[in-house]
$ cat my_file_16.txt   # compact mmCIF, C-alpha atoms and all ligand atoms
# COMPACT_ATOMS: atom_id res chain seq x y z
CA MET Q 232 -122.27 50.56 93.18
CA LYS Q 233 -123.95 53.99 92.93
CA VAL Q 234 -122.97 56.20 95.86
CA ALA Q 235 -124.31 59.67 96.70
CA VAL Q 236 -123.20 62.14 99.37
CA ILE Q 237 -125.50 64.66 101.08
CA GLY Q 238 -123.78 67.60 102.80
CA LEU Q 239 -120.38 68.76 101.55
CA GLY Q 240 -119.11 70.70 104.56
CA VAL Q 241 -116.21 69.74 106.82
CA ILE Q 242 -117.03 66.04 107.19
CA GLY Q 243 -118.74 65.61 103.79
CA THR Q 244 -115.46 66.67 102.16
CA HIS Q 245 -113.66 64.05 104.25
CA HIS Q 246 -116.16 61.37 103.14
CA MET Q 247 -115.54 62.38 99.51
CA ASN Q 248 -111.76 62.03 100.02
CA VAL Q 249 -112.03 58.64 101.73
CA LEU Q 250 -114.39 57.35 99.02
CA LYS Q 251 -111.81 58.40 96.43
CA LYS Q 252 -109.08 56.55 98.34
CA LEU Q 253 -111.25 53.44 98.39
CA ASN Q 254 -111.87 53.77 94.63
CA ILE Q 255 -115.61 54.11 95.17
CA ASP Q 256 -117.16 56.40 92.55
CA VAL Q 257 -119.60 59.06 93.71
CA CYS Q 258 -122.47 59.33 91.22
CA ALA Q 259 -124.25 62.37 92.76
CA VAL Q 260 -123.74 65.00 95.44
CA CYS Q 261 -126.22 67.22 97.24
CA ASP Q 262 -125.86 70.47 99.18
CA ILE Q 263 -128.01 73.58 99.53
CA GLU Q 264 -125.00 75.89 99.05
CA ASP Q 265 -123.71 76.49 95.52
CA SER Q 266 -120.19 77.17 96.79
CA LYS Q 267 -120.04 73.64 98.21
CA LEU Q 268 -121.30 72.07 94.97
CA GLU Q 269 -118.88 74.01 92.76
CA LYS Q 270 -115.93 71.96 94.02
CA TYR Q 271 -117.55 68.87 92.49
CA HIS Q 272 -118.77 70.37 89.21
CA ASN Q 273 -117.94 67.16 87.31
CA ILE Q 274 -120.37 65.12 89.43
CA PRO Q 275 -124.17 65.44 88.96
CA HIS Q 276 -125.36 67.68 91.75
CA TYR Q 277 -128.63 68.44 93.53
CA VAL Q 278 -129.93 70.89 96.10
CA ASP Q 279 -132.93 68.71 96.99
CA TYR Q 280 -131.94 65.38 98.58
CA LYS Q 281 -135.39 63.83 98.05
CA ARG Q 282 -135.18 64.56 94.35
CA MET Q 283 -131.65 63.17 94.21
CA ILE Q 284 -132.71 59.92 95.88
CA ARG Q 285 -135.74 59.64 93.59
CA GLU Q 286 -133.89 60.37 90.34
CA VAL Q 287 -130.49 58.77 90.95
CA LYS Q 288 -131.73 55.77 92.97
CA PRO Q 289 -128.31 55.32 94.59
CA ASP Q 290 -127.27 52.04 96.23
CA CYS Q 291 -125.85 53.97 99.14
CA VAL Q 292 -126.25 57.48 100.55
CA HIS Q 293 -123.87 59.24 102.96
CA VAL Q 294 -125.59 61.71 105.31
CA CYS Q 295 -123.09 64.43 106.30
CA THR Q 296 -125.47 67.25 107.19
CA PRO Q 297 -126.29 69.13 110.42
CA HIS Q 298 -127.74 67.01 113.26
CA TYR Q 299 -131.42 67.90 112.85
CA LEU Q 300 -131.40 66.63 109.25
CA HIS Q 301 -130.05 63.16 110.02
CA ALA Q 302 -133.41 61.61 110.92
CA PRO Q 303 -135.42 62.81 107.89
CA MET Q 304 -132.59 61.95 105.49
CA VAL Q 305 -131.94 58.50 106.97
CA LEU Q 306 -135.69 57.77 106.90
CA GLU Q 307 -135.94 58.86 103.27
CA ALA Q 308 -133.15 56.44 102.32
CA LEU Q 309 -134.31 53.49 104.46
CA ASN Q 310 -137.89 53.85 103.28
CA ALA Q 311 -136.60 53.57 99.71
CA ASP Q 312 -134.59 50.43 100.68
CA ILE Q 313 -131.31 52.28 100.14
CA ASN Q 314 -128.18 51.65 102.24
CA VAL Q 315 -127.24 54.69 104.31
CA LEU Q 316 -124.13 55.72 106.20
CA CYS Q 317 -125.02 58.51 108.63
CA GLU Q 318 -122.69 60.82 110.48
CA LYS Q 319 -123.10 60.96 114.24
CA PRO Q 320 -125.36 61.56 116.07
CA LEU Q 321 -127.92 59.21 114.56
CA ALA Q 322 -130.73 61.34 116.02
CA ILE Q 323 -131.27 64.17 118.49
CA ARG Q 324 -134.73 63.24 119.81
CA GLN Q 325 -136.25 60.05 121.20
CA GLU Q 326 -139.23 60.05 118.77
CA GLU Q 327 -137.03 60.29 115.71
CA LEU Q 328 -134.73 57.59 117.09
CA ASN Q 329 -137.74 55.27 117.43
CA MET Q 330 -138.82 56.03 113.87
CA ILE Q 331 -135.35 55.23 112.54
CA LEU Q 332 -135.18 51.93 114.43
CA GLU Q 333 -138.58 50.92 113.06
CA ALA Q 334 -137.53 51.86 109.53
CA GLU Q 335 -134.27 49.92 109.95
CA GLU Q 336 -136.26 46.78 110.85
CA ARG Q 337 -138.43 47.11 107.74
CA SER Q 338 -135.83 48.27 105.22
CA LYS Q 339 -133.78 46.19 102.82
CA GLY Q 340 -131.10 48.89 103.15
CA ILE Q 341 -128.31 48.66 105.74
CA LEU Q 342 -127.92 51.54 108.18
CA GLY Q 343 -124.42 52.38 109.45
CA VAL Q 344 -123.36 55.20 111.76
CA CYS Q 345 -119.95 56.89 111.88
CA HIS Q 346 -118.61 55.98 115.31
CA GLN Q 347 -115.21 55.68 113.66
CA ASN Q 348 -113.17 55.73 116.88
CA ARG Q 349 -114.17 52.12 117.41
CA TYR Q 350 -111.77 51.34 114.56
CA ASN Q 351 -108.70 52.90 116.23
CA LYS Q 352 -106.09 50.26 116.99
CA THR Q 353 -105.68 51.30 120.60
CA ASN Q 354 -109.42 51.06 121.25
CA LEU Q 355 -109.68 47.69 119.49
CA TYR Q 356 -106.75 46.44 121.54
CA VAL Q 357 -108.35 47.48 124.85
CA LYS Q 358 -111.70 46.05 123.72
CA SER Q 359 -110.04 42.66 123.14
CA LEU Q 360 -108.26 42.85 126.54
CA ILE Q 361 -111.55 43.45 128.33
CA GLU Q 362 -113.51 40.88 126.34
CA ASN Q 363 -110.93 38.22 127.20
CA ASP Q 364 -110.95 39.14 130.90
CA GLU Q 365 -112.97 36.73 133.07
CA ASN Q 366 -113.57 39.55 135.57
CA ARG Q 367 -114.59 42.18 133.04
CA ASP Q 368 -117.72 43.06 135.02
CA LYS Q 369 -115.43 44.33 137.84
CA PHE Q 370 -114.17 47.24 135.72
CA THR Q 371 -115.18 50.79 136.45
CA GLY Q 372 -113.95 53.79 134.46
CA SER Q 373 -113.65 57.46 133.82
CA ALA Q 374 -113.30 59.59 130.71
CA CYS Q 375 -112.30 63.20 130.13
CA VAL Q 376 -112.89 65.20 126.95
CA VAL Q 377 -111.45 68.69 127.44
CA TRP Q 378 -111.47 70.76 124.26
CA ASN Q 379 -111.85 74.26 122.96
CA ARG Q 380 -114.73 75.40 120.78
CA ASP Q 381 -114.89 79.18 120.72
CA GLU Q 382 -117.37 81.76 119.51
CA ALA Q 383 -115.94 81.70 115.98
CA TYR Q 384 -116.53 77.95 115.78
CA TYR Q 385 -120.16 78.29 116.83
CA ARG Q 386 -120.72 81.23 114.46
CA SER Q 387 -119.29 79.14 111.57
CA GLY Q 388 -122.63 77.31 111.14
CA GLU Q 389 -126.17 78.54 111.80
CA TRP Q 390 -127.15 75.12 113.14
CA ARG Q 391 -124.44 74.95 115.81
CA GLY Q 392 -125.09 75.74 119.48
CA LYS Q 393 -128.91 75.41 119.28
CA TRP Q 394 -131.18 72.76 120.82
CA GLU Q 395 -133.44 72.69 117.77
CA THR Q 396 -130.70 72.05 115.21
CA GLU Q 397 -127.65 70.63 117.06
CA GLY Q 398 -129.64 68.88 119.79
CA GLY Q 399 -127.11 69.78 122.47
CA GLY Q 400 -123.53 70.97 122.80
CA VAL Q 401 -120.26 69.30 123.77
CA LEU Q 402 -121.93 66.02 124.74
CA ILE Q 403 -123.90 65.25 121.58
CA ASN Q 404 -121.25 66.64 119.27
CA GLN Q 405 -117.60 66.49 120.43
CA ALA Q 406 -117.82 63.98 123.32
CA LEU Q 407 -120.27 61.50 121.74
CA HIS Q 408 -117.42 59.34 120.40
CA THR Q 409 -115.82 58.93 123.84
CA LEU Q 410 -119.13 58.26 125.56
CA ASP Q 411 -119.86 55.63 122.93
CA LEU Q 412 -116.43 54.05 123.54
CA MET Q 413 -117.15 53.86 127.27
CA GLN Q 414 -120.37 51.91 126.80
CA TRP Q 415 -118.78 49.81 124.04
CA LEU Q 416 -115.90 48.86 126.35
CA LEU Q 417 -117.75 48.51 129.66
CA GLY Q 418 -121.35 47.81 128.65
CA GLU Q 419 -124.57 49.81 128.69
CA PRO Q 420 -125.39 51.61 131.94
CA GLY Q 421 -129.01 51.75 133.13
CA GLN Q 422 -128.98 55.01 135.05
CA VAL Q 423 -127.30 58.40 135.04
CA THR Q 424 -126.89 61.33 137.42
CA ALA Q 425 -125.65 64.42 135.60
CA THR Q 426 -125.48 68.16 135.34
CA THR Q 427 -124.69 70.39 132.39
CA ALA Q 428 -123.73 74.05 132.19
CA ASN Q 429 -122.69 76.81 129.85
CA PHE Q 430 -119.60 78.33 131.46
CA SER Q 431 -117.84 80.17 128.68
CA LEU Q 432 -120.24 80.99 125.85
CA LYS Q 433 -123.23 82.69 127.45
CA GLY Q 434 -125.12 84.71 124.85
CA VAL Q 435 -123.42 82.72 122.07
CA ILE Q 436 -124.85 79.21 122.50
CA GLU Q 437 -128.02 78.02 124.17
CA VAL Q 438 -126.69 74.46 124.69
CA GLU Q 439 -124.14 73.18 127.24
CA ASP Q 440 -120.39 73.69 126.91
CA THR Q 441 -119.73 71.36 129.87
CA ALA Q 442 -121.28 68.12 131.16
CA VAL Q 443 -120.51 65.97 134.20
CA ALA Q 444 -122.18 62.58 134.40
CA PHE Q 445 -122.04 59.47 136.59
CA PHE Q 446 -123.34 56.36 134.88
CA THR Q 447 -124.41 53.37 137.00
CA ASP Q 448 -126.42 50.13 136.90
CA GLY Q 449 -125.06 47.64 134.37
CA SER Q 450 -121.72 49.35 133.96
CA ASP Q 451 -120.45 52.25 136.01
CA PHE Q 452 -118.19 55.11 135.05
CA SER Q 453 -117.79 58.86 135.39
CA PHE Q 454 -117.64 61.23 132.47
CA PHE Q 455 -116.44 64.80 132.10
CA ALA Q 456 -116.71 66.79 128.86
CA SER Q 457 -116.07 70.45 128.21
CA ASN Q 458 -115.58 72.77 125.26
CA ALA Q 459 -114.59 75.59 127.61
CA SER Q 460 -110.86 74.85 127.77
CA ARG Q 461 -108.28 77.19 126.22
CA ASP Q 462 -106.85 74.32 124.16
CA ASN Q 463 -107.70 70.81 122.93
CA MET Q 464 -106.30 68.16 125.27
CA SER Q 465 -105.87 64.47 124.43
CA VAL Q 466 -108.96 62.50 125.38
CA GLU Q 467 -108.21 60.38 128.46
CA ILE Q 468 -109.91 57.11 129.33
CA THR Q 469 -109.12 55.09 132.47
CA LEU Q 470 -110.51 51.61 133.13
CA LYS Q 471 -109.86 50.03 136.49
CA LYS Q 472 -110.54 46.82 138.45
CA PRO Q 473 -108.66 45.44 141.44
CA GLY Q 474 -105.06 44.85 140.30
CA THR Q 475 -105.45 46.37 136.82
CA GLU Q 476 -105.52 49.92 135.52
CA ILE Q 477 -105.71 50.55 131.77
CA LYS Q 478 -105.17 54.04 130.37
CA ILE Q 479 -105.88 55.17 126.80
CA MET Q 480 -104.76 58.53 125.46
CA SER Q 481 -105.13 58.80 121.67
CA ASP Q 482 -102.58 56.36 120.20
CA TRP Q 483 -101.05 55.50 123.57
CA VAL Q 484 -102.14 52.69 125.87
CA ALA Q 485 -100.67 51.72 129.25
CA VAL Q 486 -101.52 48.81 131.50
CA ASN Q 487 -100.53 49.25 135.16
CA GLY Q 488 -98.28 52.17 134.20
CA LYS Q 489 -96.41 50.32 131.42
CA THR Q 490 -96.79 51.54 127.84
CA VAL Q 491 -98.05 48.79 125.56
CA ASN Q 492 -95.78 48.27 122.56
CA PHE Q 493 -97.42 48.78 119.18
CA ASP Q 494 -96.31 45.33 117.99
CA VAL Q 495 -98.41 43.85 120.80
CA ILE Q 496 -101.36 46.05 119.87
CA ASN Q 497 -101.08 44.93 116.24
CA GLU Q 498 -100.84 41.28 117.25
CA TYR Q 499 -104.07 41.54 119.25
CA ASN Q 500 -105.86 43.61 116.70
CA VAL Q 501 -108.10 41.27 114.76
CA LYS Q 502 -109.09 43.96 112.27
CA ASP Q 503 -105.54 45.02 111.48
CA CYS Q 504 -106.38 45.06 107.78
CA TYR Q 505 -108.46 48.18 108.32
CA GLY Q 506 -106.94 51.60 108.56
CA SER Q 507 -108.10 53.73 111.43
CA GLY Q 508 -111.07 56.08 111.65
CA HIS Q 509 -113.39 56.82 108.76
CA GLN Q 510 -111.41 54.78 106.26
CA GLY Q 511 -111.58 51.65 108.37
CA LEU Q 512 -115.24 52.16 109.04
CA MET Q 513 -116.14 52.75 105.38
CA GLU Q 514 -114.11 49.75 104.19
CA ASP Q 515 -116.00 47.62 106.68
CA PHE Q 516 -119.38 49.16 105.80
CA TYR Q 517 -118.98 48.63 102.03
CA ASP Q 518 -117.70 45.12 102.60
CA CYS Q 519 -120.87 44.41 104.61
CA ILE Q 520 -123.07 45.78 101.82
CA GLN Q 521 -121.31 43.62 99.26
CA THR Q 522 -121.08 40.39 101.27
CA GLY Q 523 -124.30 40.61 103.29
CA ARG Q 524 -122.30 40.42 106.55
CA PRO Q 525 -124.05 42.48 109.28
CA PHE Q 526 -122.48 45.88 109.98
CA SER Q 527 -121.77 46.21 113.69
CA ILE Q 528 -122.51 49.92 114.19
CA ASN Q 529 -126.09 49.77 112.98
CA GLY Q 530 -129.05 51.85 114.21
CA LYS Q 531 -129.62 49.67 117.28
CA GLU Q 532 -125.99 50.00 118.29
CA ALA Q 533 -125.74 53.74 117.64
CA ALA Q 534 -128.98 54.31 119.56
CA LYS Q 535 -127.29 53.28 122.83
CA VAL Q 536 -125.20 56.43 123.14
CA ILE Q 537 -128.11 58.62 122.02
CA ARG Q 538 -130.25 57.27 124.87
CA MET Q 539 -127.40 57.95 127.31
CA ILE Q 540 -127.06 61.52 126.04
CA LEU Q 541 -130.81 62.24 126.15
CA ALA Q 542 -130.94 60.93 129.72
CA THR Q 543 -127.92 63.03 130.68
CA TYR Q 544 -129.70 66.16 129.42
CA ALA Q 545 -132.87 65.18 131.29
CA SER Q 546 -131.15 64.32 134.58
CA ASN Q 547 -130.73 67.83 136.00
CA GLY Q 548 -128.78 66.46 138.97
CA ASN Q 549 -131.18 63.58 139.66
CA LYS Q 550 -130.52 59.88 139.20
CA ILE Q 551 -132.72 58.77 136.31
CA ASP Q 552 -133.24 55.67 134.18
CA ILE Q 553 -131.80 55.55 130.69
CA LYS Q 554 -134.80 54.53 128.55
CA ARG Q 555 -134.20 51.39 126.46
N1 LIG I 601 -117.40 61.56 112.81
C1 LIG I 601 -116.73 62.66 113.13
O1 LIG I 601 -115.68 62.61 113.75
C2 LIG I 601 -117.28 63.99 112.71
C3 LIG I 601 -116.43 65.10 112.60
C4 LIG I 601 -117.00 66.32 112.20
C5 LIG I 601 -118.37 66.39 111.96
N2 LIG I 601 -119.15 65.30 112.13
C6 LIG I 601 -120.61 65.35 111.93
O2 LIG I 601 -120.87 65.62 110.54
C7 LIG I 601 -122.07 66.38 110.41
C8 LIG I 601 -121.77 67.65 109.62
O3 LIG I 601 -120.81 68.39 110.32
P1 LIG I 601 -119.88 69.44 109.56
O4 LIG I 601 -118.88 69.89 110.56
O5 LIG I 601 -119.41 68.84 108.28
O6 LIG I 601 -120.93 70.61 109.30
P2 LIG I 601 -120.88 71.71 108.12
O7 LIG I 601 -121.80 72.78 108.57
O8 LIG I 601 -119.46 72.05 107.81
O9 LIG I 601 -121.47 70.94 106.86
C9 LIG I 601 -122.83 70.65 106.72
C10 LIG I 601 -123.18 70.74 105.23
O10 LIG I 601 -124.53 70.32 105.06
C11 LIG I 601 -125.13 71.20 104.11
N3 LIG I 601 -126.59 71.18 104.24
C12 LIG I 601 -127.34 71.82 105.16
N4 LIG I 601 -128.64 71.59 104.93
C13 LIG I 601 -128.71 70.76 103.86
C14 LIG I 601 -129.77 70.16 103.14
N5 LIG I 601 -131.06 70.35 103.48
N6 LIG I 601 -129.47 69.39 102.07
C15 LIG I 601 -128.18 69.18 101.70
N7 LIG I 601 -127.13 69.74 102.34
C16 LIG I 601 -127.40 70.51 103.41
C17 LIG I 601 -124.52 72.55 104.43
O11 LIG I 601 -124.67 73.47 103.37
C18 LIG I 601 -123.07 72.16 104.69
O12 LIG I 601 -122.30 72.17 103.51
C19 LIG I 601 -122.54 66.63 111.84
O13 LIG I 601 -123.46 65.63 112.16
C20 LIG I 601 -121.30 66.47 112.69
O14 LIG I 601 -121.55 66.09 114.03
C21 LIG I 601 -118.63 64.10 112.47

$ encode --input "my_file_16.txt" --output "structure tokens"
Amino acid sequence: MKVAVIGLGVIGTHHMNVLKKLNIDVCAVCDIEDSKLEKYHNIPHYVDYKRMIREVKPDCVHVCTPHYLHAPMVLEALNADINVLCEKPLAIRQEELNMILEAEERSKGILGVCHQNRYNKTNLYVKSLIENDENRDKFTGSACVVWNRDEAYYRSGEWRGKWETEGGGVLINQALHTLDLMQWLLGEPGQVTATTANFSLKGVIEVEDTAVAFFTDGSDFSFFASNASRDNMSVEITLKKPGTEIKIMSDWVAVNGKTVNFDVINEYNVKDCYGSGHQGLMEDFYDCIQTGRPFSINGKEAAKVIRMILATYASNGNKIDIKR
């Protein structure tokens, strides 16, 4: 298996480390900054990803670059029938999302997207609880992502904090995982009413640092996300139906106020063989490539949260349809 990684920043370095743990050799790396490539001087390196794909013909490419580069890089790989694992978000615009979905249909390559929180044991446990609940359609929910991303963070990368290159702020970057979990657990909503604002970083970012959204029609839940807090709080998810309230906070789950014991979580967890996060996701992804089993977080699946985010940005306080 020939694997190549594009983008060797914060998350690209993590991909490299996980690949090493999984004993998967990386045959080529690509970044436009020499300082990033130097760390991997023993691996053939490129500054031009198209050239790398053409010359190396990898079996699989990891896309770990800024948001605006995901679509062109994923398209380049899929159009060459190469498997591709893309960091989130899959795309930042509707037109590029459509192009990716069309390419996915045509390609012999598998597309996977890093929504790695779906592999956390607590989330898998709650997913199984809801799926086995006859009255699952009675659940409503709320989620809160309250973090800190300051000026220094946004200045750390030219692409951050801009519509053109990041495609949004807290929602499309930090809170995407939690929003994806909400629709994964409760189902896809059809409409959203939302507002966004920049409370704390005026003059620093042009995107939102805070978003409030109410999703309805299909599933219904409220969502609050902000990067304007002084500290990073644990993400909180609450799911409720008459007689049952489930709370998730990182590795902690409670049902009707009682903490669920980890032995119970493990017992329920069908994918216990996988570690959590990126490692679990990559193990699953490479197993799918090798066995031909479909990978669950493909383009179609990752597109759901992108449509919700694009509609949230377009809502401007009005109830609008989430385009399917
Ligand atoms: N799944 C997660 O939990 C998670 C966590 C952090 C980041 N991410 C995602 O990973 C992606 C990268 O984020 P980051 O924090 O690592 O950013 P970063 O800025 O630290 O790294 C991006 C890297 O891409 C390189 N790059 C830019 N243009 C390139 C090009 N044309 N060709 C090759 N390389 C190029 C940059 O030089 C840099 O090294 C983003 O999509 C981000 O949302 C995901």

$ atom_distance --input "my_file_16.txt" --atom1 "atom CA of Ala425 of chain Q" --atom2 "atom CA of Phe454 of chain Q"
9.2 Å

$ closest_residue --input "my_file_16.txt" --among "Q:Asp515, Q:Glu333, Q:Asp290, Q:Asp265" --to "ligand LIG 601 (chain I)" --atoms "all atoms listed in the file"
Q:Asp265

$ atom_distance --input "my_file_16.txt" --atom1 "atom CA of Ile468 of chain Q" --atom2 "atom CA of Gly548 of chain Q"
23.2 Å

$ atom_distance --input "my_file_16.txt" --atom1 "atom N5 of ligand LIG 601 (chain I)" --atom2 "atom CA of Lys288 of chain Q"
18.0 Å

$ residues_near_ligand --input "my_file_16.txt" --ligand "ligand LIG 601 (chain I)" --cutoff "9 Å" --atoms "all atoms listed in the file" --output "PyMOL selection string"
chain Q and resi 236-245+260-268+277-280+294-301+304+317-321+344-348+387-391+397+403-405+408+508-509

$ closest_residue --input "my_file_16.txt" --among "Q:Val423, Q:Glu532, Q:Thr469, Q:Pro525" --to "Asn547 of chain Q" --atoms "all atoms listed in the file"
Q:Val423

$ decode --input "my_file_16.txt" --residues "segment 243-262 of chain Q" --atoms "N, CA and C atoms" --output "short mmCIF file (atom, residue, chain, number, x, y, z; two decimals), in the first residue's frame"
data_model
loop_
_atom_site.label_atom_id
_atom_site.label_comp_id
_atom_site.auth_asym_id
_atom_site.auth_seq_id
_atom_site.Cartn_x
_atom_site.Cartn_y
_atom_site.Cartn_z
N GLY Q 243 -1.62 17.20 10.03
CA GLY Q 243 -0.82 16.33 9.16
C GLY Q 243 0.22 15.57 9.98
N THR Q 244 0.81 16.24 10.95
CA THR Q 244 1.79 15.59 11.83
C THR Q 244 1.11 14.47 12.61
N HIS Q 245 -0.11 14.73 13.05
CA HIS Q 245 -0.86 13.70 13.79
C HIS Q 245 -1.16 12.49 12.86
N HIS Q 246 -1.55 12.77 11.63
CA HIS Q 246 -1.78 11.66 10.68
C HIS Q 246 -0.51 10.83 10.51
N MET Q 247 0.63 11.53 10.38
CA MET Q 247 1.91 10.82 10.21
C MET Q 247 2.16 9.90 11.42
N ASN Q 248 1.90 10.42 12.62
CA ASN Q 248 2.14 9.63 13.84
C ASN Q 248 1.21 8.42 13.92
N VAL Q 249 -0.06 8.63 13.56
CA VAL Q 249 -1.01 7.51 13.62
C VAL Q 249 -0.66 6.45 12.57
N LEU Q 250 -0.27 6.91 11.37
CA LEU Q 250 0.11 5.96 10.32
C LEU Q 250 1.29 5.10 10.80
N LYS Q 251 2.23 5.74 11.50
CA LYS Q 251 3.39 5.01 12.03
C LYS Q 251 2.92 3.95 13.03
N LYS Q 252 2.02 4.36 13.92
CA LYS Q 252 1.46 3.42 14.92
C LYS Q 252 0.79 2.23 14.26
N LEU Q 253 0.14 2.49 13.12
CA LEU Q 253 -0.58 1.42 12.43
C LEU Q 253 0.33 0.63 11.48
N ASN Q 254 1.65 0.95 11.53
CA ASN Q 254 2.63 0.30 10.66
C ASN Q 254 2.33 0.47 9.18
N ILE Q 255 1.78 1.62 8.83
CA ILE Q 255 1.52 1.92 7.41
C ILE Q 255 2.62 2.86 6.94
N ASP Q 256 3.39 2.43 5.95
CA ASP Q 256 4.51 3.24 5.45
C ASP Q 256 4.01 4.40 4.61
N VAL Q 257 4.62 5.56 4.81
CA VAL Q 257 4.30 6.73 3.99
C VAL Q 257 5.36 6.83 2.89
N CYS Q 258 4.93 6.81 1.63
CA CYS Q 258 5.90 6.76 0.53
C CYS Q 258 6.23 8.15 -0.02
N ALA Q 259 5.41 9.16 0.32
CA ALA Q 259 5.70 10.53 -0.14
C ALA Q 259 4.92 11.52 0.72
N VAL Q 260 5.53 12.70 0.92
CA VAL Q 260 4.84 13.77 1.64
C VAL Q 260 4.88 15.04 0.79
N CYS Q 261 3.91 15.93 1.05
CA CYS Q 261 3.86 17.16 0.27
C CYS Q 261 3.48 18.33 1.18
N ASP Q 262 4.24 19.41 1.08
CA ASP Q 262 3.89 20.66 1.76
C ASP Q 262 4.58 21.79 0.99
#
